[in-house]
$ cat data.txt   # compact mmCIF, N, CA, C and O atoms
# COMPACT_ATOMS: atom_id res chain seq x y z
N MET A 1 5.10 -21.79 -6.63
CA MET A 1 4.09 -20.74 -6.65
C MET A 1 3.82 -20.22 -5.24
O MET A 1 3.63 -19.03 -5.03
N ARG A 2 3.78 -21.13 -4.29
CA ARG A 2 3.50 -20.74 -2.91
C ARG A 2 4.58 -19.81 -2.37
O ARG A 2 4.30 -18.84 -1.67
N MET A 3 5.84 -20.12 -2.69
CA MET A 3 6.96 -19.29 -2.22
C MET A 3 6.85 -17.88 -2.81
O MET A 3 7.07 -16.89 -2.11
N PHE A 4 6.50 -17.77 -4.08
CA PHE A 4 6.33 -16.47 -4.73
C PHE A 4 5.22 -15.67 -4.05
O PHE A 4 5.38 -14.48 -3.77
N LEU A 5 4.09 -16.32 -3.75
CA LEU A 5 2.98 -15.62 -3.10
C LEU A 5 3.34 -15.19 -1.68
O LEU A 5 2.93 -14.12 -1.23
N ASP A 6 4.10 -16.03 -0.97
CA ASP A 6 4.53 -15.66 0.38
C ASP A 6 5.44 -14.44 0.36
O ASP A 6 5.28 -13.51 1.15
N ILE A 7 6.40 -14.44 -0.57
CA ILE A 7 7.31 -13.29 -0.67
C ILE A 7 6.55 -12.04 -1.10
O ILE A 7 6.78 -10.95 -0.57
N LEU A 8 5.62 -12.20 -2.06
CA LEU A 8 4.81 -11.07 -2.51
C LEU A 8 3.97 -10.50 -1.36
O LEU A 8 3.85 -9.28 -1.22
N LEU A 9 3.43 -11.38 -0.53
CA LEU A 9 2.63 -10.93 0.61
C LEU A 9 3.47 -10.16 1.62
O LEU A 9 3.04 -9.11 2.11
N ILE A 10 4.66 -10.62 1.90
CA ILE A 10 5.54 -9.93 2.85
C ILE A 10 5.95 -8.56 2.31
O ILE A 10 5.89 -7.55 3.03
N VAL A 11 6.35 -8.52 1.04
CA VAL A 11 6.81 -7.25 0.44
C VAL A 11 5.66 -6.24 0.39
O VAL A 11 5.83 -5.07 0.76
N THR A 12 4.48 -6.69 -0.05
CA THR A 12 3.36 -5.74 -0.15
C THR A 12 2.87 -5.32 1.23
O THR A 12 2.42 -4.18 1.39
N SER A 13 2.97 -6.18 2.23
CA SER A 13 2.58 -5.79 3.59
C SER A 13 3.47 -4.68 4.12
O SER A 13 2.98 -3.69 4.67
N LEU A 14 4.78 -4.85 3.95
CA LEU A 14 5.70 -3.81 4.41
C LEU A 14 5.51 -2.51 3.63
O LEU A 14 5.57 -1.41 4.21
N LEU A 15 5.28 -2.63 2.33
CA LEU A 15 5.07 -1.45 1.49
C LEU A 15 3.78 -0.72 1.87
O LEU A 15 3.74 0.51 1.90
N LEU A 16 2.74 -1.48 2.20
CA LEU A 16 1.49 -0.85 2.62
C LEU A 16 1.65 -0.08 3.92
O LEU A 16 1.11 1.02 4.06
N VAL A 17 2.39 -0.65 4.86
CA VAL A 17 2.63 0.06 6.12
C VAL A 17 3.35 1.37 5.85
O VAL A 17 2.97 2.43 6.38
N LEU A 18 4.38 1.33 5.02
CA LEU A 18 5.13 2.54 4.69
C LEU A 18 4.26 3.57 3.98
O LEU A 18 4.28 4.76 4.32
N LEU A 19 3.46 3.12 3.02
CA LEU A 19 2.63 4.06 2.25
C LEU A 19 1.54 4.69 3.11
O LEU A 19 1.24 5.88 2.97
N VAL A 20 0.95 3.92 4.01
CA VAL A 20 -0.09 4.48 4.87
C VAL A 20 0.51 5.51 5.83
O VAL A 20 -0.09 6.55 6.09
N LEU A 21 1.72 5.25 6.31
CA LEU A 21 2.36 6.21 7.19
C LEU A 21 2.76 7.49 6.46
O LEU A 21 2.87 8.55 7.08
N LEU A 22 2.97 7.42 5.17
CA LEU A 22 3.34 8.61 4.40
C LEU A 22 2.16 9.53 4.12
O LEU A 22 2.35 10.70 3.80
N HIS A 23 0.94 9.02 4.23
CA HIS A 23 -0.23 9.85 3.95
C HIS A 23 -0.35 10.98 4.98
O HIS A 23 0.00 10.81 6.15
N ARG A 24 -0.85 12.09 4.51
CA ARG A 24 -1.01 13.26 5.38
C ARG A 24 -2.34 13.15 6.12
O ARG A 24 -3.40 13.06 5.51
N ALA A 25 -2.26 13.18 7.41
CA ALA A 25 -3.47 13.15 8.23
C ALA A 25 -3.81 14.58 8.64
O ALA A 25 -3.21 15.54 8.18
N LYS A 26 -4.78 14.74 9.52
CA LYS A 26 -5.15 16.09 9.99
C LYS A 26 -3.99 16.76 10.69
O LYS A 26 -3.84 17.97 10.62
N GLY A 27 -3.15 15.99 11.36
CA GLY A 27 -2.03 16.55 12.10
C GLY A 27 -0.78 16.71 11.27
O GLY A 27 0.23 17.16 11.77
N GLY A 28 -0.77 16.30 10.03
CA GLY A 28 0.41 16.44 9.19
C GLY A 28 1.00 15.11 8.80
O GLY A 28 1.38 14.91 7.67
N GLY A 29 1.12 14.18 9.74
CA GLY A 29 1.64 12.85 9.44
C GLY A 29 3.11 12.87 9.09
O GLY A 29 3.80 13.88 9.20
N LEU A 30 3.61 11.73 8.69
CA LEU A 30 5.01 11.63 8.32
C LEU A 30 5.30 12.27 6.97
O LEU A 30 6.45 12.58 6.66
N SER A 31 4.27 12.47 6.16
CA SER A 31 4.51 13.09 4.86
C SER A 31 4.94 14.54 4.99
O SER A 31 5.54 15.09 4.08
N SER A 32 4.65 15.17 6.12
CA SER A 32 5.09 16.56 6.31
C SER A 32 6.60 16.64 6.47
O SER A 32 7.19 17.69 6.26
N LEU A 33 7.25 15.53 6.81
CA LEU A 33 8.71 15.51 6.89
C LEU A 33 9.35 15.68 5.52
O LEU A 33 10.48 16.14 5.40
N PHE A 34 8.62 15.32 4.46
CA PHE A 34 9.16 15.37 3.12
C PHE A 34 8.62 16.56 2.34
O PHE A 34 8.49 16.52 1.13
N GLY A 35 8.23 17.62 3.02
CA GLY A 35 7.84 18.84 2.36
C GLY A 35 6.35 19.00 2.13
O GLY A 35 5.94 19.81 1.33
N GLY A 36 5.52 18.27 2.84
CA GLY A 36 4.08 18.36 2.63
C GLY A 36 3.37 19.14 3.71
O GLY A 36 2.19 18.94 3.92
N GLY A 37 4.07 20.03 4.41
CA GLY A 37 3.52 20.73 5.57
C GLY A 37 2.39 21.69 5.26
O GLY A 37 1.34 21.32 4.77
N MET A 38 2.59 22.95 5.52
CA MET A 38 1.54 23.96 5.40
C MET A 38 1.14 24.23 3.95
O MET A 38 0.00 24.53 3.68
N GLN A 39 2.03 24.11 3.03
CA GLN A 39 1.71 24.44 1.65
C GLN A 39 0.60 23.55 1.11
O GLN A 39 -0.29 24.01 0.43
N SER A 40 0.67 22.24 1.40
CA SER A 40 -0.33 21.33 0.84
C SER A 40 -1.67 21.49 1.54
O SER A 40 -2.70 21.23 0.94
N SER A 41 -1.68 21.93 2.79
CA SER A 41 -2.96 22.10 3.48
C SER A 41 -3.68 23.37 2.98
O SER A 41 -4.89 23.44 3.04
N LEU A 42 -2.92 24.33 2.47
CA LEU A 42 -3.54 25.55 1.97
C LEU A 42 -4.07 25.37 0.54
O LEU A 42 -5.07 25.94 0.17
N SER A 43 -3.38 24.56 -0.25
CA SER A 43 -3.75 24.43 -1.65
C SER A 43 -4.61 23.20 -1.93
O SER A 43 -4.90 22.92 -3.07
N GLY A 44 -4.98 22.45 -0.93
CA GLY A 44 -5.79 21.26 -1.15
C GLY A 44 -4.94 20.05 -1.46
O GLY A 44 -3.79 19.96 -1.08
N SER A 45 -5.50 19.10 -2.18
CA SER A 45 -4.81 17.86 -2.50
C SER A 45 -3.80 18.09 -3.62
O SER A 45 -4.13 18.63 -4.66
N THR A 46 -2.57 17.68 -3.39
CA THR A 46 -1.52 17.88 -4.38
C THR A 46 -1.42 16.67 -5.30
O THR A 46 -2.01 15.63 -5.05
N VAL A 47 -0.63 16.82 -6.34
CA VAL A 47 -0.41 15.73 -7.28
C VAL A 47 0.31 14.58 -6.58
O VAL A 47 0.00 13.41 -6.81
N ALA A 48 1.25 14.92 -5.71
CA ALA A 48 1.98 13.88 -4.99
C ALA A 48 1.04 13.06 -4.10
O ALA A 48 1.17 11.84 -4.01
N GLU A 49 0.10 13.73 -3.46
CA GLU A 49 -0.86 13.03 -2.60
C GLU A 49 -1.78 12.13 -3.42
O GLU A 49 -2.10 11.01 -3.01
N LYS A 50 -2.18 12.60 -4.59
CA LYS A 50 -3.03 11.78 -5.46
C LYS A 50 -2.26 10.56 -5.96
O LYS A 50 -2.81 9.45 -6.00
N ASN A 51 -1.00 10.75 -6.33
CA ASN A 51 -0.18 9.61 -6.77
C ASN A 51 0.06 8.64 -5.62
O ASN A 51 0.06 7.42 -5.83
N LEU A 52 0.26 9.15 -4.42
CA LEU A 52 0.43 8.30 -3.25
C LEU A 52 -0.83 7.49 -2.99
O LEU A 52 -0.76 6.30 -2.66
N ASN A 53 -2.00 8.10 -3.20
CA ASN A 53 -3.26 7.37 -3.05
C ASN A 53 -3.36 6.25 -4.07
O ASN A 53 -3.77 5.13 -3.73
N ARG A 54 -3.01 6.53 -5.31
CA ARG A 54 -3.09 5.51 -6.37
C ARG A 54 -2.14 4.35 -6.10
O ARG A 54 -2.49 3.18 -6.27
N ILE A 55 -0.91 4.66 -5.68
CA ILE A 55 0.07 3.62 -5.40
C ILE A 55 -0.39 2.77 -4.21
O ILE A 55 -0.24 1.54 -4.22
N THR A 56 -0.98 3.41 -3.20
CA THR A 56 -1.47 2.68 -2.04
C THR A 56 -2.62 1.75 -2.41
O THR A 56 -2.66 0.59 -1.98
N ILE A 57 -3.54 2.22 -3.24
CA ILE A 57 -4.66 1.38 -3.67
C ILE A 57 -4.16 0.21 -4.51
O ILE A 57 -4.59 -0.94 -4.31
N PHE A 58 -3.23 0.46 -5.43
CA PHE A 58 -2.68 -0.61 -6.26
C PHE A 58 -1.96 -1.65 -5.40
O PHE A 58 -2.14 -2.86 -5.59
N THR A 59 -1.17 -1.20 -4.43
CA THR A 59 -0.46 -2.11 -3.54
C THR A 59 -1.44 -2.92 -2.70
O THR A 59 -1.24 -4.11 -2.47
N GLY A 60 -2.52 -2.28 -2.26
CA GLY A 60 -3.55 -2.99 -1.50
C GLY A 60 -4.24 -4.07 -2.33
O GLY A 60 -4.54 -5.15 -1.83
N LEU A 61 -4.47 -3.78 -3.60
CA LEU A 61 -5.08 -4.78 -4.48
C LEU A 61 -4.14 -5.97 -4.71
O LEU A 61 -4.58 -7.12 -4.70
N VAL A 62 -2.86 -5.69 -4.91
CA VAL A 62 -1.89 -6.77 -5.08
C VAL A 62 -1.81 -7.60 -3.80
O VAL A 62 -1.75 -8.84 -3.85
N TRP A 63 -1.83 -6.95 -2.64
CA TRP A 63 -1.82 -7.64 -1.34
C TRP A 63 -3.05 -8.55 -1.21
O TRP A 63 -2.94 -9.71 -0.81
N PHE A 64 -4.22 -8.04 -1.59
CA PHE A 64 -5.46 -8.80 -1.51
C PHE A 64 -5.43 -10.01 -2.45
O PHE A 64 -5.84 -11.12 -2.08
N ILE A 65 -4.92 -9.83 -3.66
CA ILE A 65 -4.82 -10.92 -4.61
C ILE A 65 -3.85 -11.99 -4.11
O ILE A 65 -4.09 -13.19 -4.27
N ALA A 66 -2.75 -11.56 -3.48
CA ALA A 66 -1.80 -12.53 -2.91
C ALA A 66 -2.45 -13.34 -1.80
O ALA A 66 -2.24 -14.56 -1.70
N ILE A 67 -3.26 -12.69 -0.97
CA ILE A 67 -3.97 -13.40 0.10
C ILE A 67 -4.95 -14.41 -0.49
O ILE A 67 -5.04 -15.54 -0.02
N LEU A 68 -5.70 -13.99 -1.52
CA LEU A 68 -6.63 -14.92 -2.16
C LEU A 68 -5.88 -16.09 -2.80
O LEU A 68 -6.34 -17.25 -2.71
N GLY A 69 -4.76 -15.82 -3.43
CA GLY A 69 -3.98 -16.88 -4.05
C GLY A 69 -3.45 -17.88 -3.03
O GLY A 69 -3.50 -19.10 -3.27
N ILE A 70 -2.98 -17.39 -1.90
CA ILE A 70 -2.51 -18.30 -0.85
C ILE A 70 -3.67 -19.12 -0.30
O ILE A 70 -3.53 -20.33 -0.07
N GLY A 71 -4.80 -18.49 -0.12
CA GLY A 71 -5.97 -19.21 0.39
C GLY A 71 -6.43 -20.30 -0.57
O GLY A 71 -6.76 -21.41 -0.15
N LEU A 72 -6.45 -19.99 -1.86
CA LEU A 72 -6.86 -20.99 -2.86
C LEU A 72 -5.84 -22.12 -2.95
O LEU A 72 -6.20 -23.29 -3.12
N GLU A 73 -4.56 -21.77 -2.82
CA GLU A 73 -3.52 -22.79 -2.85
C GLU A 73 -3.65 -23.74 -1.66
O GLU A 73 -3.48 -24.96 -1.80
N ILE A 74 -3.95 -23.20 -0.49
CA ILE A 74 -4.13 -24.03 0.70
C ILE A 74 -5.36 -24.92 0.53
O ILE A 74 -5.34 -26.11 0.89
N LYS A 75 -6.43 -24.36 0.00
CA LYS A 75 -7.69 -25.11 -0.12
C LYS A 75 -7.58 -26.25 -1.12
O LYS A 75 -8.07 -27.35 -0.87
N PHE A 76 -6.92 -26.02 -2.25
CA PHE A 76 -6.89 -27.03 -3.30
C PHE A 76 -5.61 -27.84 -3.36
O PHE A 76 -5.40 -28.63 -4.26
N ALA A 77 -4.70 -27.63 -2.41
CA ALA A 77 -3.43 -28.39 -2.42
C ALA A 77 -3.57 -29.72 -1.71
O ALA A 77 -4.44 -30.06 -1.04

$ encode --input "data.txt" --output "structure tokens"
Amino acid sequence: MRMFLDILLIVTSLLLVLLVLLHRAKGGGLSSLFGGGMQSSLSGSTVAEKNLNRITIFTGLVWFIAILGIGLEIKFA
């Protein structure tokens, strides 16, 4: 179980870094490289940005649960 949680933590950590970098900031961010430039700033929040937000939140929750699981495993092992 510990090995699974360690691998899950590493994978979700890397995925979170990638997803946060893909978000569009005030300056455009890395998401503007994939077609999110001026069009998305004129029309407001796009469907892709909303889906990116949902995926980021879900990945963050999985990351948090993995951290809690590792902590509980250390405490009760």

$ closest_residue --input "data.txt" --among "A:Val47, A:Ala77, A:Met1, A:Val62" --to "Ser13 (chain A)" --atoms "only C-alpha atoms"
A:Val62

$ closest_residue --input "data.txt" --among "A:Leu68, A:Ile74, A:Thr59, A:Arg54" --to "Val11 (chain A)" --atoms "only N, CA, C and O atoms"
A:Thr59

$ residues_around --input "data.txt" --residues "Ala66 (chain A)" --least-positions-apart "4" --cutoff "6 Å" --atoms "only N, CA, C and O atoms" --output "JSON, numbers by chain"
{"A": [5, 9, 61, 62, 70, 71]}

$ atom_distance --input "data.txt" --atom1 "atom N of Leu19 (chain A)" --atom2 "CA of Arg2 (chain A)"
24.6 Å

$ atom_distance --input "data.txt" --atom1 "CA of Phe64 (chain A)" --atom2 "CA of Leu16 (chain A)"
11.3 Å
